[in-house]
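K.L.:
Okay, here's the structure, questions in a sec.
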Amino acid sequence: MLKIDGLKVSYGGIEAVKGITFEVPERKIVTLIGANGAGKSTTLRTIAGLVKPAKGRIHLQGEDITGLSPDRIVAKGVTLVPEGRHVFPDLTVLENLKIGAYLRKDDLSHDLNWVYELFPRLKERSWQAAGTLSGGEQQMLAVGRALMSRPKIIMMDEPSLGLAPIVVKGIFDIIKEINRMGVTVLLIEQNANMALRIADIGYVLETGTITMTGPGKQLLADPAIKAAYLGT
Amino acid sequence: MDMKKKKLAKLLITAAGLIALYALCIWMDQAITATSKLYMLITVVRKSAVYALVAVSMNLLNGFTGLFSLGQAGFMLIGAYTYAVFSIPSESISSVYQYYDAAINFSFQELINGIFGLEAMAAPGMIIGALIAILLAGVVAAFFAWLIGLPVLRLKSDYLAIATLGFAEIIKAIFQWQKFGPITNGSNVLRGYTRLSDFTFNIGGTQVSFATFVPVFVASICILIIVLLINSSYGRAFKAIREDEIAAEAMGVRLFKHKQMAFSISCFFAGVGGALLAMFMNTIQATQFKSSMTYEILLIVVLGGLGSVTGSCIASFLFIACSEWWLRGLDSGKFLGIESSLFRSGFRLVVFSVIIMVVVLFFRKGLMGQKELPDLFKKRKKAPKAAQAEGGAAK
């Protein structure tokens with residue numbers, strides 16, 4: 001579904017991503033794992049159109065989307081849940097969700113109900129300012145907001161960041177649920193253990209290049225990965 | 001259904017409030033004569049209507065879109081000049097443009113009356129002509145805002161403020177330039193155009209004045225349009241940009257396009273405000289549109305609450321009333337019946353500064369914060385104690 005081919009990205013002379021190639025098949029959960037500074041976030045930001053690549057191509061369902069503006073990429077069905085949630089703190093939960101559907105002109109009520117079903121907490125809090133939600137609820141809101149654009153593929157940047165283990169588990173259950181409903185998921189995580197457990201395919205990113213790939217369960221059992229990322 | 005009923009109720013209350021306000025204005029115009037002690041009230045209402053409009057337009061930019069712009073006086077100047085230039089009747093042009101050959105020697109007012117075969121300054125053409133000139137004032141200001149926005153809106157926060165302030169000064173200088181004299185009358189005053197006091201009509205044998213109604217009416221309609229815009233999906237996008245540019249962009253909000261739009265719309269209404277100010281002041285001159293005018297408006301916006309439309313309106317009335325009326329005695333020797341040698345020219349500003357400091361100390365987010373007037377009467381929906389405790393921990 002999403003094909004990344006020889007992607008190179010540099011920030012002011014520093015090459016953050018040094019030519020990576022990977023694929024996200026339809027209806028699968030794919031995860032990129034790697035340490036800080038491996039280039040995971042940059043990769044997602046480039047796919048979303050927030051950063052322009054220096055080299056390489058990005059194809060969505062056979063269509064070249066390299067270098068398109070973020071709004072056109074969102075319109076094509078690719079959304080990003082940014083790292084650190086980035087909800088709009090002074091807007092209500094409902095307003096946050098509506099911004100997620102900003103490019104859509106059709107009726108939102110169906111998708112709004114869907115998001116509220118996935119996250120009953122958000123329904124209870126729909127009139128509350130997003131800044132007053134707890135960290136876990138904000139993460140739910142960020143995911144719900146991204147879903148409001150009715151994406152074909154949802155990219156999540158560190159959804160477990162700064163959350164308690166029990167909350168993280170809830171978020172990962174939701175990710176699986178979303179995937180079951182037919183949305184392709186591209187997930188990047190430092191919590192490699194959790195990510196690989198739910199991933200169909202995992203890629204290991206090290207200082208801007210992919211060093212290993214395989215099904216999630218297989219990577220989870222790999223001794224090198226265990227030593228480097230799982231701390232066991 | 002419930003939502004629809006609520007919306008209808010809101011609409012009815014707004015309409016009733018506006019009609020009451022208009023009736024009050026018309027009544028004031030007839031009841032309060034120039035010799036009355038309350039005459040100052042009329043001046044304050046007229047001027048504060050104009051300032052409220054400009055403050056709300058600035059709030060749209062600074063409070064709702066998060067763009068810190070200080071160019072308001074410049075765009076008011078464009079609006080005021082556009083209005084004046086196109087409203088000076090041909091017979092008084094030679095006396096206004098004493099040192100130049102006027103390039104624009106017609107007025108909309110005359111044109112309209114000419115179409116209907118009425119005399120040059122008859123009422124229908126004057127009203128429609130003035131409205132067209134006001135509209136054009138907004139359009140011209142918005143056009144210049146669009147041009148200036150191309151380079152300037154790529155800047156952020158303080159840099160944006162400095163750049164817009166600079167452009168406002170440049171506009172002021174250009175309008176005084178000799179070469180543009182045939183249009184702007186150089187650095188000389190423009191006068192003779194349709195003023196507020198011209199809106200006095202002979203209805204059934206009595207003279208009825210609409211001099212307060214006109215600015216209040218135009219300003220309230222414009223503010224209503226801004227409120228509708230803020231509550232639309234565009235308004236939501238503006239607020240999203242204010243809150244978090246990265247997230248807004250990731251959601252598909254085109255940052256530059258929306259900033260450009262907010263800037264142009266805000267300046268459109270600043271231009272309309274400038275036109276109303278010209279009508280209020282009877283004569284205009286480019287030097288009157290100093291940067292201190294922008295600061296006054298910024299002060300109103302901040303005192304009322306960044307992100308509150310009703311806050312801007314209330315603060316505008318209080319600010320104008322204090323500076324023009326209530327504190328006047330502090331400058332002229334007698335205040336609240338007390339006479340003191342301390343009360344002499346300039347003391348008013350001292351007291352005014354103290355009041356502002358006190359307000360800012362006790363109302364950190366302005367009088368209204370981000371709330372609107374109706375919010376104050378609403379009961380809080382649910383007292384979300386648990387949520388507050390959790391939210392506190394998260395933030």
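Residue names in the structure tokens use chain letters A, B, ... in the order shown, residue numbers from 1 in each chain, and ligand numbers from 1 in the order shown.
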Identify every residue of chain A that has at least one atom within 9 Å of any atom of chain B, counting only C-alpha atoms, and report the result as a ChimeraX atom specification.
P.N.:
/A:45,48-50,69-75,79-82,85-91,95-96,98-103,125,127,131-136,145-146,149
K.L.:
Any idea what's packed within 12 Å of Leu224 of chain B, counting only C-alpha atoms, ignoring anything in its chain fewer than 3 positions away? Could you give it as a PyMOL selection string?
P.N.:
chain B and resi 11+14-15+18+52-53+56-57+216-221+227-231+269+309-310+313
K.L.:
Please dump the current selection as a compact mmCIF listing (two decimals), in the first residue's frame; keep N, CA, C and O atoms.
P.N.:
# COMPACT_ATOMS: atom_id res chain seq x y z
N LEU B 11 -30.43 33.01 18.47
CA LEU B 11 -30.65 33.95 17.37
C LEU B 11 -31.64 35.04 17.79
O LEU B 11 -31.40 36.22 17.57
N THR B 14 -30.10 37.42 20.32
CA THR B 14 -29.16 38.34 19.66
C THR B 14 -29.92 39.41 18.90
O THR B 14 -29.60 40.61 19.02
N ALA B 15 -30.93 38.99 18.14
CA ALA B 15 -31.70 39.97 17.35
C ALA B 15 -32.39 40.97 18.26
O ALA B 15 -32.33 42.18 18.01
N LEU B 18 -29.87 43.42 19.68
CA LEU B 18 -29.41 44.40 18.69
C LEU B 18 -30.48 45.47 18.45
O LEU B 18 -30.18 46.66 18.41
N ALA B 52 -14.47 49.36 19.12
CA ALA B 52 -14.86 47.97 19.38
C ALA B 52 -14.68 47.15 18.11
O ALA B 52 -14.14 46.04 18.14
N LEU B 53 -15.10 47.71 16.98
CA LEU B 53 -14.96 46.98 15.71
C LEU B 53 -13.48 46.69 15.42
O LEU B 53 -13.10 45.56 15.10
N VAL B 56 -12.12 44.11 17.84
CA VAL B 56 -12.54 42.75 17.52
C VAL B 56 -11.78 42.23 16.30
O VAL B 56 -11.37 41.07 16.26
N SER B 57 -11.55 43.12 15.33
CA SER B 57 -10.79 42.68 14.14
C SER B 57 -9.37 42.32 14.54
O SER B 57 -8.77 41.38 14.02
N VAL B 216 -22.85 52.52 15.28
CA VAL B 216 -23.21 51.35 16.08
C VAL B 216 -23.76 50.25 15.18
O VAL B 216 -23.40 49.08 15.32
N PHE B 217 -24.58 50.65 14.21
CA PHE B 217 -25.17 49.67 13.30
C PHE B 217 -24.08 48.98 12.46
O PHE B 217 -23.97 47.76 12.44
N VAL B 218 -23.24 49.79 11.81
CA VAL B 218 -22.21 49.21 10.93
C VAL B 218 -21.26 48.33 11.76
O VAL B 218 -20.95 47.19 11.38
N ALA B 219 -20.82 48.85 12.92
CA ALA B 219 -19.87 48.09 13.74
C ALA B 219 -20.51 46.78 14.21
O ALA B 219 -19.87 45.72 14.17
N SER B 220 -21.78 46.84 14.63
CA SER B 220 -22.39 45.62 15.16
C SER B 220 -22.58 44.57 14.08
O SER B 220 -22.37 43.38 14.31
N ILE B 221 -22.93 45.01 12.87
CA ILE B 221 -23.08 44.04 11.78
C ILE B 221 -21.72 43.39 11.47
O ILE B 221 -21.61 42.17 11.31
N VAL B 227 -18.04 37.15 14.33
CA VAL B 227 -18.42 36.07 15.25
C VAL B 227 -18.84 34.83 14.46
O VAL B 227 -18.45 33.71 14.79
N LEU B 228 -19.62 35.05 13.39
CA LEU B 228 -20.03 33.90 12.56
C LEU B 228 -18.80 33.21 11.97
O LEU B 228 -18.73 31.99 11.92
N LEU B 229 -17.84 34.03 11.54
CA LEU B 229 -16.61 33.46 10.97
C LEU B 229 -15.87 32.63 12.01
O LEU B 229 -15.41 31.52 11.73
N ILE B 230 -15.78 33.17 13.22
CA ILE B 230 -15.04 32.47 14.28
C ILE B 230 -15.69 31.13 14.60
O ILE B 230 -15.01 30.15 14.89
N ASN B 231 -17.03 31.09 14.53
CA ASN B 231 -17.72 29.85 14.86
C ASN B 231 -17.82 28.88 13.67
O ASN B 231 -18.35 27.79 13.82
N PHE B 269 -11.84 44.62 8.14
CA PHE B 269 -12.66 45.25 9.17
C PHE B 269 -11.94 46.43 9.82
O PHE B 269 -12.58 47.39 10.24
N VAL B 309 -14.71 38.15 22.12
CA VAL B 309 -15.29 39.25 21.32
C VAL B 309 -16.04 40.22 22.22
O VAL B 309 -15.83 41.44 22.15
N THR B 310 -16.89 39.69 23.10
CA THR B 310 -17.64 40.58 23.98
C THR B 310 -16.68 41.32 24.92
O THR B 310 -16.91 42.47 25.26
N CYS B 313 -15.50 44.35 23.18
CA CYS B 313 -16.54 45.40 23.10
C CYS B 313 -16.67 46.13 24.43
O CYS B 313 -16.71 47.36 24.48
K.L.:
Set the distance at 12 Å and use only C-alpha atoms: which residues neighbour Ser109 of chain A once local chain neighbours fewer than 4 positions away are removed? I'd like the list as a list in words.
P.N.:
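Near neighbours after the sequence-gap exclusion: Leu94, Leu97, Lys98, Ala101, Lys105, Asn113, Trp114, Val115, Tyr116 and Met148 of chain A.
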K.L.:
Let me see the file: selected residues, all heavy atoms, as a compact mmCIF listing (two decimals), in the first residue's frame.
P.N.:
# COMPACT_ATOMS: atom_id res chain seq x y z
N LEU A 94 -14.61 17.98 21.32
CA LEU A 94 -15.39 17.92 20.08
C LEU A 94 -14.75 18.76 18.99
O LEU A 94 -14.63 18.33 17.83
CB LEU A 94 -16.82 18.38 20.36
CG LEU A 94 -17.78 18.31 19.19
CD1 LEU A 94 -17.98 16.87 18.74
CD2 LEU A 94 -19.12 18.93 19.54
N LEU A 97 -11.80 17.06 17.53
CA LEU A 97 -12.18 16.00 16.59
C LEU A 97 -12.61 16.60 15.26
O LEU A 97 -12.30 16.07 14.20
CB LEU A 97 -13.30 15.16 17.19
CG LEU A 97 -12.90 14.29 18.39
CD1 LEU A 97 -14.11 13.58 18.96
CD2 LEU A 97 -11.84 13.28 18.00
N LYS A 98 -13.32 17.73 15.32
CA LYS A 98 -13.80 18.34 14.08
C LYS A 98 -12.65 18.86 13.23
O LYS A 98 -12.71 18.82 12.01
CB LYS A 98 -14.77 19.48 14.39
CG LYS A 98 -16.17 18.97 14.74
CD LYS A 98 -17.11 20.12 14.92
CE LYS A 98 -18.54 19.64 15.15
NZ LYS A 98 -19.40 20.76 15.57
N ALA A 101 -11.26 16.42 10.91
CA ALA A 101 -12.02 16.20 9.68
C ALA A 101 -12.09 17.47 8.86
O ALA A 101 -13.00 17.64 8.05
CB ALA A 101 -13.43 15.72 10.04
N LYS A 105 -15.92 17.53 3.59
CA LYS A 105 -17.08 18.42 3.51
C LYS A 105 -18.38 17.65 3.79
O LYS A 105 -19.43 18.24 3.85
CB LYS A 105 -17.17 19.06 2.12
CG LYS A 105 -15.92 19.81 1.70
CD LYS A 105 -15.83 21.20 2.35
CE LYS A 105 -14.52 21.88 2.04
NZ LYS A 105 -13.69 22.13 3.21
N ASN A 113 -19.52 9.23 15.87
CA ASN A 113 -20.05 8.14 16.69
C ASN A 113 -19.05 6.99 16.79
O ASN A 113 -18.87 6.39 17.84
CB ASN A 113 -21.37 7.62 16.12
CG ASN A 113 -22.50 8.56 16.45
OD1 ASN A 113 -22.42 9.30 17.44
ND2 ASN A 113 -23.53 8.57 15.62
N TRP A 114 -18.40 6.72 15.65
CA TRP A 114 -17.42 5.64 15.62
C TRP A 114 -16.29 5.92 16.60
O TRP A 114 -15.90 5.07 17.41
CB TRP A 114 -16.88 5.50 14.18
CG TRP A 114 -15.81 4.49 14.02
CD1 TRP A 114 -15.83 3.21 14.50
CD2 TRP A 114 -14.56 4.66 13.36
NE1 TRP A 114 -14.66 2.58 14.16
CE2 TRP A 114 -13.87 3.44 13.46
CE3 TRP A 114 -13.97 5.72 12.67
CZ2 TRP A 114 -12.60 3.25 12.91
CZ3 TRP A 114 -12.72 5.53 12.11
CH2 TRP A 114 -12.04 4.31 12.24
N VAL A 115 -15.77 7.16 16.56
CA VAL A 115 -14.66 7.53 17.46
C VAL A 115 -15.13 7.48 18.91
O VAL A 115 -14.42 6.98 19.79
CB VAL A 115 -14.12 8.94 17.10
CG1 VAL A 115 -13.16 9.43 18.17
CG2 VAL A 115 -13.41 8.90 15.76
N TYR A 116 -16.36 7.96 19.15
CA TYR A 116 -16.89 7.92 20.52
C TYR A 116 -17.09 6.49 21.01
O TYR A 116 -16.97 6.21 22.19
CB TYR A 116 -18.21 8.69 20.59
CG TYR A 116 -18.03 10.20 20.67
CD1 TYR A 116 -19.05 11.05 20.28
CD2 TYR A 116 -16.86 10.76 21.18
CE1 TYR A 116 -18.90 12.43 20.36
CE2 TYR A 116 -16.71 12.12 21.27
CZ TYR A 116 -17.72 12.95 20.85
OH TYR A 116 -17.58 14.31 20.95
N MET A 148 -10.67 10.88 12.40
CA MET A 148 -11.78 11.68 11.85
C MET A 148 -11.56 12.05 10.38
O MET A 148 -12.50 12.40 9.69
CB MET A 148 -11.98 12.95 12.66
CG MET A 148 -12.66 12.76 14.00
SD MET A 148 -14.28 12.02 13.88
CE MET A 148 -15.22 13.34 13.14
K.L.:
Using only C-alpha atoms, which of A:Ile58, A:Ile20, A:Ile33, A:Ile14 sits nearest Glu189 of chain A?
P.N.:
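With only C-alpha atoms as the atom set, the closest residue is A:Ile33.
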K.L.:
Name all residues at most 12 Å from Ile170 of chain B (count only C-alpha atoms; drop same-chain ones fewer than 6 positions away) and give them as a list in words.
P.N.:
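The residues satisfying every condition are Gly71, Ala73, Gly74, Phe75, Leu77, Ile78, Ile148, Ala163, Thr164, Gln176, Trp177, Ala286, Thr287, Phe289, Lys290 and Ser291 of chain B.
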K.L.:
Write a file of the selected residues as a PDB file, in the first residue's frame, keeping N, CA, C and O atoms.
P.N.:
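That gives us part36.pdb:
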ATOM      1  N   GLY B  71      -0.234  46.208  13.022  1.00  0.00           N
ATOM      2  CA  GLY B  71      -0.392  47.096  11.871  1.00  0.00           C
ATOM      3  C   GLY B  71      -1.742  47.776  11.787  1.00  0.00           C
ATOM      4  O   GLY B  71      -2.046  48.426  10.799  1.00  0.00           O
ATOM      5  N   ALA B  73      -3.328  50.420  12.903  1.00  0.00           N
ATOM      6  CA  ALA B  73      -3.489  51.843  12.599  1.00  0.00           C
ATOM      7  C   ALA B  73      -3.235  52.097  11.110  1.00  0.00           C
ATOM      8  O   ALA B  73      -3.938  52.900  10.486  1.00  0.00           O
ATOM      9  N   GLY B  74      -2.271  51.406  10.530  1.00  0.00           N
ATOM     10  CA  GLY B  74      -1.963  51.582   9.115  1.00  0.00           C
ATOM     11  C   GLY B  74      -3.140  51.216   8.241  1.00  0.00           C
ATOM     12  O   GLY B  74      -3.472  51.927   7.284  1.00  0.00           O
ATOM     13  N   PHE B  75      -3.797  50.113   8.580  1.00  0.00           N
ATOM     14  CA  PHE B  75      -4.926  49.682   7.750  1.00  0.00           C
ATOM     15  C   PHE B  75      -6.158  50.547   7.996  1.00  0.00           C
ATOM     16  O   PHE B  75      -6.974  50.747   7.091  1.00  0.00           O
ATOM     17  N   LEU B  77      -5.878  53.662   8.516  1.00  0.00           N
ATOM     18  CA  LEU B  77      -5.559  54.846   7.710  1.00  0.00           C
ATOM     19  C   LEU B  77      -5.965  54.625   6.252  1.00  0.00           C
ATOM     20  O   LEU B  77      -6.598  55.486   5.637  1.00  0.00           O
ATOM     21  N   ILE B  78      -5.634  53.446   5.726  1.00  0.00           N
ATOM     22  CA  ILE B  78      -6.024  53.149   4.340  1.00  0.00           C
ATOM     23  C   ILE B  78      -7.539  53.242   4.199  1.00  0.00           C
ATOM     24  O   ILE B  78      -8.066  53.848   3.258  1.00  0.00           O
ATOM     25  N   ILE B 148       0.927  42.830   1.694  1.00  0.00           N
ATOM     26  CA  ILE B 148       1.923  42.901   2.769  1.00  0.00           C
ATOM     27  C   ILE B 148       2.073  41.537   3.431  1.00  0.00           C
ATOM     28  O   ILE B 148       3.159  41.145   3.850  1.00  0.00           O
ATOM     29  N   ALA B 163       7.507  43.716  12.066  1.00  0.00           N
ATOM     30  CA  ALA B 163       7.343  43.938  10.627  1.00  0.00           C
ATOM     31  C   ALA B 163       6.030  44.645  10.322  1.00  0.00           C
ATOM     32  O   ALA B 163       5.994  45.583   9.518  1.00  0.00           O
ATOM     33  N   THR B 164       4.934  44.226  10.975  1.00  0.00           N
ATOM     34  CA  THR B 164       3.644  44.875  10.695  1.00  0.00           C
ATOM     35  C   THR B 164       3.648  46.310  11.193  1.00  0.00           C
ATOM     36  O   THR B 164       3.108  47.205  10.543  1.00  0.00           O
ATOM     37  N   GLN B 176       1.505  60.491   2.948  1.00  0.00           N
ATOM     38  CA  GLN B 176       1.833  61.909   3.073  1.00  0.00           C
ATOM     39  C   GLN B 176       2.752  62.387   1.956  1.00  0.00           C
ATOM     40  O   GLN B 176       3.096  63.558   1.895  1.00  0.00           O
ATOM     41  N   TRP B 177       3.138  61.446   1.109  1.00  0.00           N
ATOM     42  CA  TRP B 177       4.102  61.770   0.046  1.00  0.00           C
ATOM     43  C   TRP B 177       3.487  62.743  -0.942  1.00  0.00           C
ATOM     44  O   TRP B 177       2.372  62.549  -1.418  1.00  0.00           O
ATOM     45  N   ALA B 286      -3.126  62.004   7.865  1.00  0.00           N
ATOM     46  CA  ALA B 286      -2.370  60.753   8.051  1.00  0.00           C
ATOM     47  C   ALA B 286      -1.658  60.711   9.411  1.00  0.00           C
ATOM     48  O   ALA B 286      -1.538  59.648  10.015  1.00  0.00           O
ATOM     49  N   THR B 287      -1.203  61.876   9.890  1.00  0.00           N
ATOM     50  CA  THR B 287      -0.422  61.877  11.144  1.00  0.00           C
ATOM     51  C   THR B 287      -1.250  61.446  12.351  1.00  0.00           C
ATOM     52  O   THR B 287      -0.690  61.118  13.392  1.00  0.00           O
ATOM     53  N   PHE B 289      -2.969  58.792  12.560  1.00  0.00           N
ATOM     54  CA  PHE B 289      -2.956  57.323  12.696  1.00  0.00           C
ATOM     55  C   PHE B 289      -1.580  56.851  13.162  1.00  0.00           C
ATOM     56  O   PHE B 289      -0.849  56.190  12.456  1.00  0.00           O
ATOM     57  N   LYS B 290      -1.248  57.264  14.370  1.00  0.00           N
ATOM     58  CA  LYS B 290       0.059  56.940  14.940  1.00  0.00           C
ATOM     59  C   LYS B 290       0.071  55.501  15.443  1.00  0.00           C
ATOM     60  O   LYS B 290      -0.976  54.886  15.624  1.00  0.00           O
ATOM     61  N   SER B 291       1.288  55.023  15.735  1.00  0.00           N
ATOM     62  CA  SER B 291       1.353  53.667  16.294  1.00  0.00           C
ATOM     63  C   SER B 291       0.703  53.631  17.674  1.00  0.00           C
ATOM     64  O   SER B 291       0.257  52.575  18.120  1.00  0.00           O
TER      65      SER B 291
END
K.L.:
Neighbours of Met76 of chain B within 7 Å (only C-alpha atoms; same-chain residues fewer than 4 positions away dropped), as a ChimeraX atom specification?
P.N.:
/B:72,80,270-271,273-274
K.L.:
Could you pull out the strand (DSSP E) residues of segment 12-208 of chain A from DSSP and send them as a count of residues only?
P.N.:
45
K.L.:
Show which residues sit within 8 Å of Leu205 of chain A, as an NGL selection string. Count only C-alpha atoms, and ignore same-chain residues fewer than 2 positions away.
P.N.:
:A and (32-35 or 38-40 or 203 or 207-212)
K.L.:
Tell me, as number ranges by chain, which residues lie within 7 Å of Thr184 of chain A, counting only C-alpha atoms; anything in the same chain fewer than 5 positions away does not count.
P.N.:
A: 26-29, 152-154, 179
K.L.:
Mind pulling up the distance from atom CA of Ile178 of chain A to atom CA of Leu147 of chain A?
P.N.:
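Result for atom CA of Leu147 of chain A versus atom CA of Ile178 of chain A: 9.1 Å, one decimal.
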K.L.:
How many Å separate atom CA of Ile338 of chain B from atom CA of Leu38 of chain B?
P.N.:
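Here the two named atoms are 20.2 Å from each other.
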K.L.:
For Gly63 of chain B, which residue out of B:Ser232, B:Ser312, B:Thr82, B:Ser292 is the nearest one, using only C-alpha atoms?
P.N.:
B:Ser312
K.L.:
Check the DSSP output for the backbone and give back, as a list of chain:residue names, the residues of segment 147-194 of chain A in helix (DSSP H, G or I).
P.N.:
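Matching residues, listed in order: A:Leu147, A:Pro165, A:Ile166, A:Val167, A:Val168, A:Lys169, A:Gly170, A:Ile171, A:Phe172, A:Asp173, A:Ile174, A:Ile175, A:Lys176, A:Glu177, A:Ile178, A:Asn179, A:Arg180, A:Ala192, A:Asn193, A:Met194.
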K.L.:
Using Å and a single decimal, report how far atom CA of Ser157 of chain B sits from atom CA of Leu298 of chain B.
P.N.:
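Straight-line distance from atom CA of Leu298 of chain B to atom CA of Ser157 of chain B works out to 14.8 Å.
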